[in-house]
>>> print(open('data26.csv').read())   # CSV, C-alpha atoms and all ligand atoms
chain,number,residue,atom,x,y,z
P,1,MET,CA,0.0,0.0,0.0
P,2,ARG,CA,1.2,3.5,-0.8
P,3,GLU,CA,2.1,6.0,1.9
P,4,LYS,CA,-0.5,8.7,2.4
P,5,VAL,CA,-0.3,12.5,2.7
P,6,LEU,CA,-2.8,14.6,4.6
P,7,ALA,CA,-3.7,17.9,2.8
P,8,ALA,CA,-6.3,20.6,3.1
P,9,VAL,CA,-7.9,20.6,-0.3
P,10,LYS,CA,-9.9,23.6,-1.7
P,11,VAL,CA,-13.0,21.9,-3.2
P,12,GLY,CA,-15.0,25.0,-4.0
P,13,PRO,CA,-15.3,28.7,-3.2
P,14,SER,CA,-14.5,29.2,0.5
P,15,THR,CA,-14.6,25.5,1.1
P,16,THR,CA,-11.9,23.2,2.3
P,17,GLU,CA,-11.8,19.5,2.9
P,18,LEU,CA,-9.1,17.4,4.6
P,19,ARG,CA,-8.1,14.6,2.3
P,20,GLU,CA,-5.6,11.7,2.2
P,21,LEU,CA,-3.6,11.8,-1.0
P,22,ASP,CA,-1.0,9.4,-2.3
P,23,LEU,CA,2.6,10.2,-1.4
P,24,PRO,CA,4.2,10.4,-4.9
P,25,SER,CA,7.4,8.5,-5.7
P,26,VAL,CA,10.4,10.8,-6.1
P,27,PRO,CA,12.4,10.6,-9.4
P,28,ASP,CA,16.1,11.5,-9.5
P,29,ASP,CA,15.4,15.0,-10.6
P,30,ALA,CA,12.8,15.9,-7.9
P,31,ALA,CA,12.4,16.2,-4.2
P,32,LEU,CA,9.7,16.2,-1.5
P,33,MET,CA,9.5,18.9,1.2
P,34,LYS,CA,8.0,18.2,4.6
P,35,VAL,CA,6.1,21.4,5.2
P,36,GLU,CA,6.7,22.9,8.6
P,37,VAL,CA,5.1,26.3,8.1
P,38,ALA,CA,2.8,27.7,5.4
P,39,GLY,CA,2.1,31.4,5.7
P,40,VAL,CA,-1.3,32.8,4.8
P,41,CYS,CA,-1.7,36.2,3.2
P,42,GLY,CA,-4.2,38.6,1.6
P,43,THR,CA,-3.8,36.9,-1.7
P,44,ASP,CA,-5.2,33.7,-0.2
P,45,VAL,CA,-8.2,35.6,1.1
P,46,ASN,CA,-9.1,36.8,-2.4
P,47,GLN,CA,-8.2,33.5,-4.1
P,48,TYR,CA,-10.1,31.4,-1.6
P,49,ARG,CA,-13.4,33.1,-2.4
P,50,LEU,CA,-13.1,32.4,-6.2
P,51,PRO,CA,-14.6,29.4,-8.0
P,52,LEU,CA,-12.2,26.6,-9.0
P,53,ARG,CA,-10.7,27.1,-12.4
P,54,ASN,CA,-9.4,23.7,-13.1
P,55,GLY,CA,-10.5,21.4,-10.3
P,56,PRO,CA,-9.6,21.1,-6.6
P,57,LEU,CA,-6.2,22.3,-5.4
P,58,VAL,CA,-4.0,22.6,-2.3
P,59,MET,CA,-3.5,26.3,-1.4
P,60,GLY,CA,-0.5,27.6,0.6
P,61,HIS,CA,2.3,29.6,-1.3
P,62,GLU,CA,4.6,30.8,1.5
P,63,ASN,CA,6.3,27.6,2.5
P,64,VAL,CA,9.1,26.6,4.7
P,65,GLY,CA,10.1,23.0,5.4
P,66,TYR,CA,12.7,20.2,5.6
P,67,LEU,CA,13.8,18.3,2.5
P,68,ALA,CA,12.5,14.8,3.2
P,69,ARG,CA,13.4,12.9,0.0
P,70,VAL,CA,15.9,14.2,-2.5
P,71,GLY,CA,16.6,12.7,-5.9
P,72,LYS,CA,20.3,12.3,-6.9
P,73,THR,CA,20.2,14.8,-9.8
P,74,PHE,CA,18.2,17.3,-7.7
P,75,ALA,CA,20.7,17.1,-4.9
P,76,ALA,CA,23.7,17.6,-7.2
P,77,GLN,CA,22.0,20.5,-9.1
P,78,LYS,CA,20.8,22.3,-6.0
P,79,GLY,CA,23.6,21.7,-3.6
P,80,LEU,CA,21.0,20.5,-1.0
P,81,CYS,CA,20.4,17.3,0.8
P,82,GLU,CA,17.9,15.5,3.0
P,83,GLY,CA,17.3,17.3,6.3
P,84,ASP,CA,18.1,20.8,5.0
P,85,LEU,CA,15.6,23.5,6.2
P,86,VAL,CA,14.6,25.6,3.1
P,87,PHE,CA,12.3,28.4,2.1
P,88,LEU,CA,10.5,27.6,-1.2
P,89,GLU,CA,9.6,30.4,-3.5
P,90,HIS,CA,6.1,30.1,-5.0
P,91,TYR,CA,7.3,30.7,-8.6
P,92,LEU,CA,8.2,27.7,-10.8
P,93,PRO,CA,10.2,29.3,-13.6
P,94,CYS,CA,11.1,28.0,-17.0
P,95,GLY,CA,14.8,28.3,-16.0
P,96,HIS,CA,16.1,29.6,-19.3
P,97,CYS,CA,14.6,33.0,-20.0
P,98,GLU,CA,16.5,36.2,-19.4
P,99,TRP,CA,14.4,37.0,-16.3
P,100,ASP,CA,15.3,33.7,-14.6
P,101,HIS,CA,19.0,34.4,-15.2
P,102,MET,CA,18.6,37.6,-13.3
P,103,GLY,CA,16.7,35.9,-10.4
P,104,GLU,CA,13.5,37.7,-11.4
P,105,TYR,CA,11.3,34.6,-11.5
P,106,ARG,CA,8.2,36.7,-10.8
P,107,HIS,CA,8.4,38.0,-14.4
P,108,CYS,CA,9.0,34.6,-16.1
P,109,ALA,CA,6.2,33.8,-18.5
P,110,ALA,CA,6.0,30.2,-17.1
P,111,THR,CA,4.8,31.6,-13.8
P,112,GLU,CA,1.8,33.3,-15.2
P,113,TRP,CA,-0.7,30.8,-13.8
P,114,PHE,CA,-3.5,33.3,-14.1
P,115,TYR,CA,-3.4,33.3,-17.9
P,116,ASP,CA,-2.0,29.8,-18.5
P,117,ASP,CA,-3.8,26.7,-17.0
P,118,ASN,CA,-0.6,24.6,-17.4
P,119,ALA,CA,1.6,27.1,-15.5
P,120,ILE,CA,2.4,25.8,-12.0
P,121,ARG,CA,2.7,28.2,-9.1
P,122,TYR,CA,2.7,26.9,-5.5
P,123,GLY,CA,-0.7,27.5,-3.8
P,124,TYR,CA,-2.7,28.1,-7.0
P,125,THR,CA,-2.2,24.9,-9.1
P,126,SER,CA,-4.8,22.3,-9.7
P,127,MET,CA,-4.3,18.8,-8.4
P,128,SER,CA,-5.1,17.6,-11.9
P,129,ILE,CA,-1.5,18.4,-12.8
P,130,ALA,CA,0.5,15.4,-11.4
P,131,PRO,CA,1.5,14.7,-8.7
P,132,GLY,CA,-0.9,17.3,-7.3
P,133,LEU,CA,1.1,18.4,-4.2
P,134,TRP,CA,1.5,22.0,-5.2
P,135,GLY,CA,0.5,23.8,-2.0
P,136,GLY,CA,1.8,24.1,1.5
P,137,PHE,CA,-1.5,23.4,3.3
P,138,SER,CA,-0.3,19.8,3.3
P,139,HIS,CA,2.1,17.5,5.0
P,140,TYR,CA,4.3,17.5,1.9
P,141,VAL,CA,4.9,19.5,-1.3
P,142,TYR,CA,6.5,18.1,-4.5
P,143,LEU,CA,9.6,19.9,-5.8
P,144,PRO,CA,10.5,19.5,-9.5
P,145,LEU,CA,14.0,20.5,-10.6
P,146,ASN,CA,13.0,24.1,-11.4
P,147,ALA,CA,11.7,24.7,-7.8
P,148,VAL,CA,13.5,27.8,-6.3
P,149,LEU,CA,14.9,27.1,-2.8
P,150,HIS,CA,16.8,29.1,-0.3
P,151,LYS,CA,18.6,27.6,2.6
P,152,VAL,CA,17.3,29.0,5.9
P,153,PRO,CA,20.2,30.4,7.9
P,154,ARG,CA,21.2,29.0,11.3
P,155,GLY,CA,19.4,30.6,14.3
P,156,LEU,CA,16.2,31.1,12.4
P,157,SER,CA,13.3,28.8,13.4
P,158,PRO,CA,10.9,27.5,10.7
P,159,GLU,CA,8.2,29.7,12.0
P,160,GLU,CA,10.4,32.8,11.9
P,161,ALA,CA,11.5,31.8,8.4
P,162,GLY,CA,7.8,31.7,7.5
P,163,VAL,CA,7.9,35.5,7.5
P,164,ALA,CA,10.3,35.4,4.6
P,165,THR,CA,7.7,36.1,2.0
P,166,PRO,CA,6.3,39.4,3.3
P,167,MET,CA,9.9,40.4,4.3
P,168,SER,CA,11.2,39.6,0.8
P,169,ASN,CA,8.4,41.9,-0.5
P,170,GLY,CA,9.3,44.5,2.1
P,171,ILE,CA,13.0,44.5,1.0
P,172,GLN,CA,12.1,44.5,-2.7
P,173,TRP,CA,9.6,47.3,-2.5
P,174,ALA,CA,11.4,49.5,0.1
P,175,LEU,CA,15.1,49.0,-0.6
P,176,ILE,CA,15.4,47.8,-4.2
P,177,ASP,CA,12.4,49.5,-5.9
P,178,GLY,CA,12.0,52.4,-3.5
P,179,GLY,CA,15.8,53.0,-3.2
P,180,ILE,CA,15.4,53.6,0.6
P,181,GLY,CA,18.6,53.7,2.5
P,182,TYR,CA,20.7,55.9,4.8
P,183,ALA,CA,18.9,59.2,5.7
P,184,SER,CA,15.7,58.5,3.6
P,185,THR,CA,12.4,59.8,4.7
P,186,VAL,CA,9.5,57.4,4.1
P,187,LEU,CA,5.7,57.2,4.2
P,188,ILE,CA,4.3,53.6,4.5
P,189,GLN,CA,0.6,53.4,4.1
P,190,GLY,CA,-1.1,50.3,5.6
P,191,PRO,CA,0.3,48.6,8.7
P,192,GLY,CA,-0.4,45.0,7.8
P,193,GLN,CA,2.3,42.4,7.6
P,194,GLN,CA,3.5,43.9,4.3
P,195,GLY,CA,3.7,47.5,5.6
P,196,LEU,CA,5.4,46.3,8.8
P,197,CYS,CA,8.0,44.4,6.7
P,198,CYS,CA,8.7,47.6,4.6
P,199,LEU,CA,9.1,49.5,7.9
P,200,MET,CA,11.6,47.0,9.3
P,201,ALA,CA,13.6,46.9,6.0
P,202,SER,CA,13.6,50.8,5.9
P,203,LYS,CA,14.8,51.2,9.5
P,204,HIS,CA,17.4,48.4,9.2
P,205,ALA,CA,18.7,50.2,6.0
P,206,GLY,CA,19.2,53.5,7.9
P,207,ALA,CA,16.1,55.5,7.0
P,208,ASP,CA,15.9,58.7,9.1
P,209,LEU,CA,12.2,59.1,9.3
P,210,VAL,CA,9.5,56.5,8.7
P,211,ILE,CA,5.8,57.4,9.1
P,212,VAL,CA,3.2,54.6,9.1
P,213,THR,CA,-0.5,55.3,8.4
P,214,GLY,CA,-3.5,53.1,9.1
P,215,THR,CA,-7.2,53.4,10.0
P,216,SER,CA,-8.9,53.2,13.4
P,217,LYS,CA,-9.3,49.4,13.2
P,218,ASP,CA,-5.5,49.2,12.8
P,219,ALA,CA,-4.8,50.5,16.3
P,220,ARG,CA,-2.9,47.4,17.4
P,221,ARG,CA,-1.0,47.2,14.2
P,222,LEU,CA,0.1,50.9,14.6
P,223,GLU,CA,1.3,50.0,18.1
P,224,VAL,CA,3.4,47.2,16.6
P,225,ALA,CA,4.7,49.7,14.0
P,226,SER,CA,5.9,51.9,17.0
P,227,ALA,CA,7.6,48.9,18.5
P,228,TYR,CA,9.3,48.4,15.2
P,229,ARG,CA,10.7,52.0,15.5
P,230,ALA,CA,8.3,53.9,13.3
P,231,ASP,CA,9.0,57.5,14.0
P,232,HIS,CA,5.4,58.5,13.6
P,233,THR,CA,2.1,56.6,13.3
P,234,ILE,CA,-1.1,58.3,11.9
P,235,ASP,CA,-4.7,57.1,12.1
P,236,VAL,CA,-6.0,58.7,8.9
P,237,GLN,CA,-9.6,58.6,10.2
P,238,ARG,CA,-8.8,60.7,13.2
P,239,GLU,CA,-6.3,63.3,11.9
P,240,ASP,CA,-5.4,65.2,8.8
P,241,ALA,CA,-2.6,62.9,7.6
P,242,LEU,CA,-1.1,65.2,5.0
P,243,ALA,CA,-0.9,68.1,7.5
P,244,ARG,CA,0.9,65.8,10.0
P,245,ILE,CA,3.3,64.4,7.4
P,246,LEU,CA,4.2,68.0,6.3
P,247,GLU,CA,4.6,69.0,9.9
P,248,VAL,CA,7.0,66.2,10.9
P,249,THR,CA,9.0,66.6,7.7
P,250,GLY,CA,9.4,70.4,8.2
P,251,GLY,CA,7.2,71.1,5.2
P,252,ARG,CA,9.4,69.1,2.9
P,253,GLY,CA,7.4,65.9,2.3
P,254,VAL,CA,9.0,62.5,2.1
P,255,ASP,CA,11.4,60.9,-0.4
P,256,VAL,CA,9.5,57.7,-0.9
P,257,VAL,CA,5.9,56.5,-0.4
P,258,ILE,CA,5.0,52.8,-0.3
P,259,ASP,CA,1.3,52.0,-0.6
P,260,CYS,CA,0.4,48.7,1.0
P,261,THR,CA,-3.3,49.5,1.3
P,262,VAL,CA,-4.6,47.0,-1.3
P,263,GLY,CA,-8.4,47.5,-1.7
P,264,ALA,CA,-8.5,50.8,0.2
P,265,GLY,CA,-9.5,52.7,-3.0
P,266,THR,CA,-7.8,55.7,-4.5
P,267,ALA,CA,-7.4,57.9,-1.4
P,268,PRO,CA,-4.0,56.5,-0.4
P,269,THR,CA,-2.5,57.1,-3.8
P,270,LEU,CA,-3.8,60.7,-3.8
P,271,LEU,CA,-2.4,61.3,-0.3
P,272,GLY,CA,0.9,59.7,-1.4
P,273,ILE,CA,1.3,62.1,-4.3
P,274,GLU,CA,0.8,65.1,-2.1
P,275,ALA,CA,3.0,63.7,0.7
P,276,LEU,CA,6.0,63.3,-1.6
P,277,LYS,CA,8.7,65.9,-1.7
P,278,ARG,CA,8.5,68.9,-4.2
P,279,ARG,CA,10.4,67.0,-6.9
P,280,GLY,CA,11.8,63.6,-7.7
P,281,GLY,CA,10.0,61.4,-5.2
P,282,THR,CA,9.3,57.7,-5.7
P,283,MET,CA,6.0,56.0,-5.1
P,284,VAL,CA,5.8,52.2,-4.9
P,285,VAL,CA,2.2,51.0,-5.3
P,286,GLN,CA,0.5,47.7,-4.7
P,287,GLY,CA,-2.3,48.5,-7.1
P,288,GLU,CA,-4.1,45.2,-7.6
P,289,GLY,CA,-7.1,46.3,-5.6
P,290,ASN,CA,-7.8,49.4,-7.8
P,291,GLN,CA,-9.2,48.2,-11.1
P,292,GLU,CA,-10.3,51.8,-11.9
P,293,PHE,CA,-8.9,55.2,-11.1
P,294,PRO,CA,-11.1,58.0,-12.5
P,295,ASN,CA,-9.4,61.4,-12.8
P,296,PHE,CA,-5.9,60.0,-12.0
P,297,PRO,CA,-3.8,63.1,-11.5
P,298,ILE,CA,-1.2,62.3,-14.1
P,299,GLY,CA,-0.4,66.0,-14.5
P,300,ARG,CA,0.4,66.5,-10.8
P,301,LEU,CA,2.6,63.4,-11.0
P,302,THR,CA,4.5,64.8,-13.9
P,303,ARG,CA,4.9,68.3,-12.3
P,304,LYS,CA,6.4,66.8,-9.2
P,305,GLY,CA,8.6,64.5,-11.3
P,306,ILE,CA,7.4,61.4,-9.4
P,307,THR,CA,8.5,58.0,-10.3
P,308,LEU,CA,5.7,55.4,-10.0
P,309,LYS,CA,6.6,51.8,-9.5
P,310,SER,CA,4.6,48.7,-9.1
P,311,ALA,CA,5.0,46.5,-6.0
P,312,ARG,CA,4.7,43.0,-7.3
P,313,GLY,CA,6.5,40.1,-5.7
P,314,HIS,CA,10.2,39.8,-5.2
P,315,SER,CA,13.5,38.8,-6.7
P,316,TYR,CA,15.8,36.0,-5.6
P,317,ARG,CA,18.2,38.5,-4.1
P,318,ALA,CA,15.3,40.1,-2.0
P,319,VAL,CA,14.6,36.6,-0.5
P,320,GLU,CA,18.3,36.1,0.5
P,321,LEU,CA,18.3,39.6,2.1
P,322,ALA,CA,15.0,38.9,3.9
P,323,LEU,CA,16.4,35.7,5.4
P,324,HIS,CA,19.5,37.6,6.5
P,325,GLN,CA,17.3,40.4,8.0
P,326,LEU,CA,15.1,37.9,9.9
P,327,ALA,CA,18.1,36.1,11.2
P,328,SER,CA,19.5,39.4,12.6
P,329,HIS,CA,16.6,39.3,15.1
P,330,ARG,CA,16.7,43.1,15.2
P,331,PHE,CA,13.0,43.4,15.6
P,332,PRO,CA,10.6,41.5,17.9
P,333,LEU,CA,9.0,39.3,15.2
P,334,GLU,CA,6.7,37.7,17.7
P,335,LEU,CA,4.6,40.9,17.9
P,336,MET,CA,3.7,40.3,14.3
P,337,MET,CA,3.4,36.5,14.3
P,338,THR,CA,0.0,36.5,15.9
P,339,HIS,CA,-1.7,33.2,15.0
P,340,THR,CA,-0.9,29.6,14.1
P,341,PHE,CA,-3.4,27.0,13.0
P,342,ALA,CA,-3.5,23.3,12.3
P,343,LEU,CA,-4.3,21.7,8.9
P,344,ALA,CA,-7.9,21.1,9.9
P,345,GLU,CA,-8.2,24.9,10.6
P,346,VAL,CA,-7.1,26.2,7.1
P,347,ASP,CA,-10.5,27.6,6.4
P,348,TYR,CA,-10.5,29.6,9.7
P,349,ALA,CA,-6.9,30.6,9.2
P,350,ILE,CA,-7.7,32.2,5.8
P,351,LYS,CA,-10.8,33.9,7.2
P,352,SER,CA,-8.8,35.2,10.1
P,353,VAL,CA,-6.5,37.0,7.6
P,354,GLY,CA,-9.6,38.4,5.9
P,355,GLY,CA,-10.8,39.8,9.3
P,356,GLU,CA,-13.6,37.3,9.6
P,357,GLY,CA,-12.1,34.7,12.0
P,358,ALA,CA,-9.8,35.1,15.0
P,359,PRO,CA,-9.4,38.8,15.9
P,360,GLY,CA,-6.1,40.7,15.8
P,361,ALA,CA,-4.4,38.7,13.0
P,362,ILE,CA,-1.3,40.2,11.4
P,363,HIS,CA,0.9,37.3,10.3
P,364,VAL,CA,-0.9,33.9,10.3
P,365,SER,CA,0.7,30.5,9.7
P,366,VAL,CA,-0.6,27.0,9.1
P,367,LEU,CA,1.6,24.3,10.8
P,368,PRO,CA,0.6,21.2,8.9
P,369,TRP,CA,2.0,18.7,11.4
P,370,ARG,CA,0.5,20.2,14.5
O,401,ZN,ZN,1.4,35.6,-0.2
O,402,ZN,ZN,11.7,31.9,-17.4
>>> encode(input="data26.csv", output="structure tokens", more="lines below")
Ligand SMILES: [Zn+2]
Ligand SMILES: [Zn+2]
Amino acid sequence: MREKVLAAVKVGPSTTELRELDLPSVPDDAALMKVEVAGVCGTDVNQYRLPLRNGPLVMGHENVGYLARVGKTFAAQKGLCEGDLVFLEHYLPCGHCEWDHMGEYRHCAATEWFYDDNAIRYGYTSMSIAPGLWGGFSHYVYLPLNAVLHKVPRGLSPEEAGVATPMSNGIQWALIDGGIGYASTVLIQGPGQQGLCCLMASKHAGADLVIVTGTSKDARRLEVASAYRADHTIDVQREDALARILEVTGGRGVDVVIDCTVGAGTAPTLLGIEALKRRGGTMVVQGEGNQEFPNFPIGRLTRKGITLKSARGHSYRAVELALHQLASHRFPLELMMTHTFALAEVDYAIKSVGGEGAPGAIHVSVLPWR
């Protein structure tokens, strides 16, 4: 009889079932990862509500675990062996395009699962593509040769390494795309896990002044931002955010704005444009929530010489820096790691991130073996 794997399978919109699946055999050019931690994020909240596109699937795209079985070719190619603790990127790149050679797997056409039903991306791929173990809400995930892995540095627990995805985005958006470094002044909009990771990256890199905004329901998150050394926090529902930003920057405005308020409408973008310095500021926007933007002030953007960039995923380099940042233990990560759930609680874990389950969620993880 074949060994079995327990997995939380999405069988319909907002519906999960625990199922026993066959443990696949591992050819020479593949491996199997025993999942220790699978992070849950806002993307899961949106995806979970959608109808299935191509049959049931195992979600979970922010995965950390131990290599349990490693084929010979896989081991030689990757420089990894059984027992190694690794962070698995959710992109499965083609491996030969220009983007992949630059470590920019997020731009590889082979990772465009949304447009291509045959594209594999961890956490979004149908079980109909063999061997079906393409998500972290499971005891094991399957790793073909093009899986992108990072060795977790010593001194970092699997749960802490589970913060690597939002931290990679934080490093990508704040440091690499936003160019934040020594003496920068920064406005971060939205104090969720993404905003908090941008904050930690900015402070670690030497930013002089970081302002974090949120709404009244974000009171606890703004407290965490203060603990992560935000210089100022602003509840945009209770005070005039622009007036306060100009006040604390001596009327100058900030060098960089990072908008992590997906789904909050157009107001944060408009505030960001006004909060930027007179000329030459940079705005990094996570714009997926805004399908439409009537009267977008393109003229104002041009007059201020603003560079607008899209916050979308992370590069290989950003993940390496994120693991390094997390291993530094400079910030009390436990303030942000608010909830962990077992495999049977995946539905509730996703709903908690969406604000409909356990209260106070910032970073939420599923621990499949609990
Ligand atoms: Zn995510
Ligand atoms: Zn490629």
>>> residues_near_ligand(input="data26.csv", ligand="ligand ZN 402 (chain O)", cutoff="8 Å", atoms="all atoms listed in the file", output="MDAnalysis selection string")
chainID P and resid 93:100 105 107:111
>>> atom_distance(input="data26.csv", atom1="atom CA of P:Leu149", atom2="atom CA of P:Leu80")
9.2 Å
>>> closest_residue(input="data26.csv", among="P:Ala201, P:Ile273, P:Leu209, P:Val257", to="P:Leu321", atoms="all atoms listed in the file")
P:Ala201
>>> residues_around(input="data26.csv", residues="P:Gly287", least_positions_apart="4", cutoff="10 Å", atoms="only C-alpha atoms", output="PyMOL selection string")
chain P and resi 259-266+269+291-292+309-312
>>> atom_distance(input="data26.csv", atom1="atom CA of P:Met167", atom2="atom CA of P:His363")
11.3 Å
>>> residues_near_point(input="data26.csv", point="(19.6, 49.2, 0.4)", cutoff="6 Å", atoms="only C-alpha atoms", output="list in words")
Leu175, Gly181 and Ala205 of chain P
>>> closest_atom_pairs(input="data26.csv", of="chain P", to="ligand ZN 401 (chain O)", cutoff="7 Å", atoms="only C-alpha atoms and all ligand atoms", output="Markdown table")
| residue | atom | partner | partner_atom | distance |
| --- | --- | --- | --- | --- |
| P:Val40 | CA | O:ZN401 | ZN | 6.3 |
| P:Cys41 | CA | O:ZN401 | ZN | 4.6 |
| P:Gly42 | CA | O:ZN401 | ZN | 6.6 |
| P:Thr43 | CA | O:ZN401 | ZN | 5.6 |
| P:Asp44 | CA | O:ZN401 | ZN | 6.9 |
| P:His61 | CA | O:ZN401 | ZN | 6.2 |
| P:Glu62 | CA | O:ZN401 | ZN | 6.0 |
| P:Thr165 | CA | O:ZN401 | ZN | 6.7 |
>>> atom_distance(input="data26.csv", atom1="atom CA of P:Phe74", atom2="atom CA of P:Pro166")
27.4 Å
>>> closest_residue(input="data26.csv", among="P:Ser168, P:Thr307, P:Ser226, P:Ser14", to="P:Met283", atoms="all atoms listed in the file")
P:Thr307
>>> axis_aligned_box(input="data26.csv", around="stretch 322-340 of chain P", padding_each_side="3 Å", output="lines of an AutoDock Vina configuration file")
center_x = 8.9
center_y = 36.5
center_z = 10.9
size_x = 27.2
size_y = 19.8
size_z = 20.0
>>> residues_around(input="data26.csv", residues="P:Arg330", least_positions_apart="5", cutoff="12 Å", atoms="only C-alpha atoms", output="PyMOL selection string")
chain P and resi 200-201+203-205+227-229+324-325
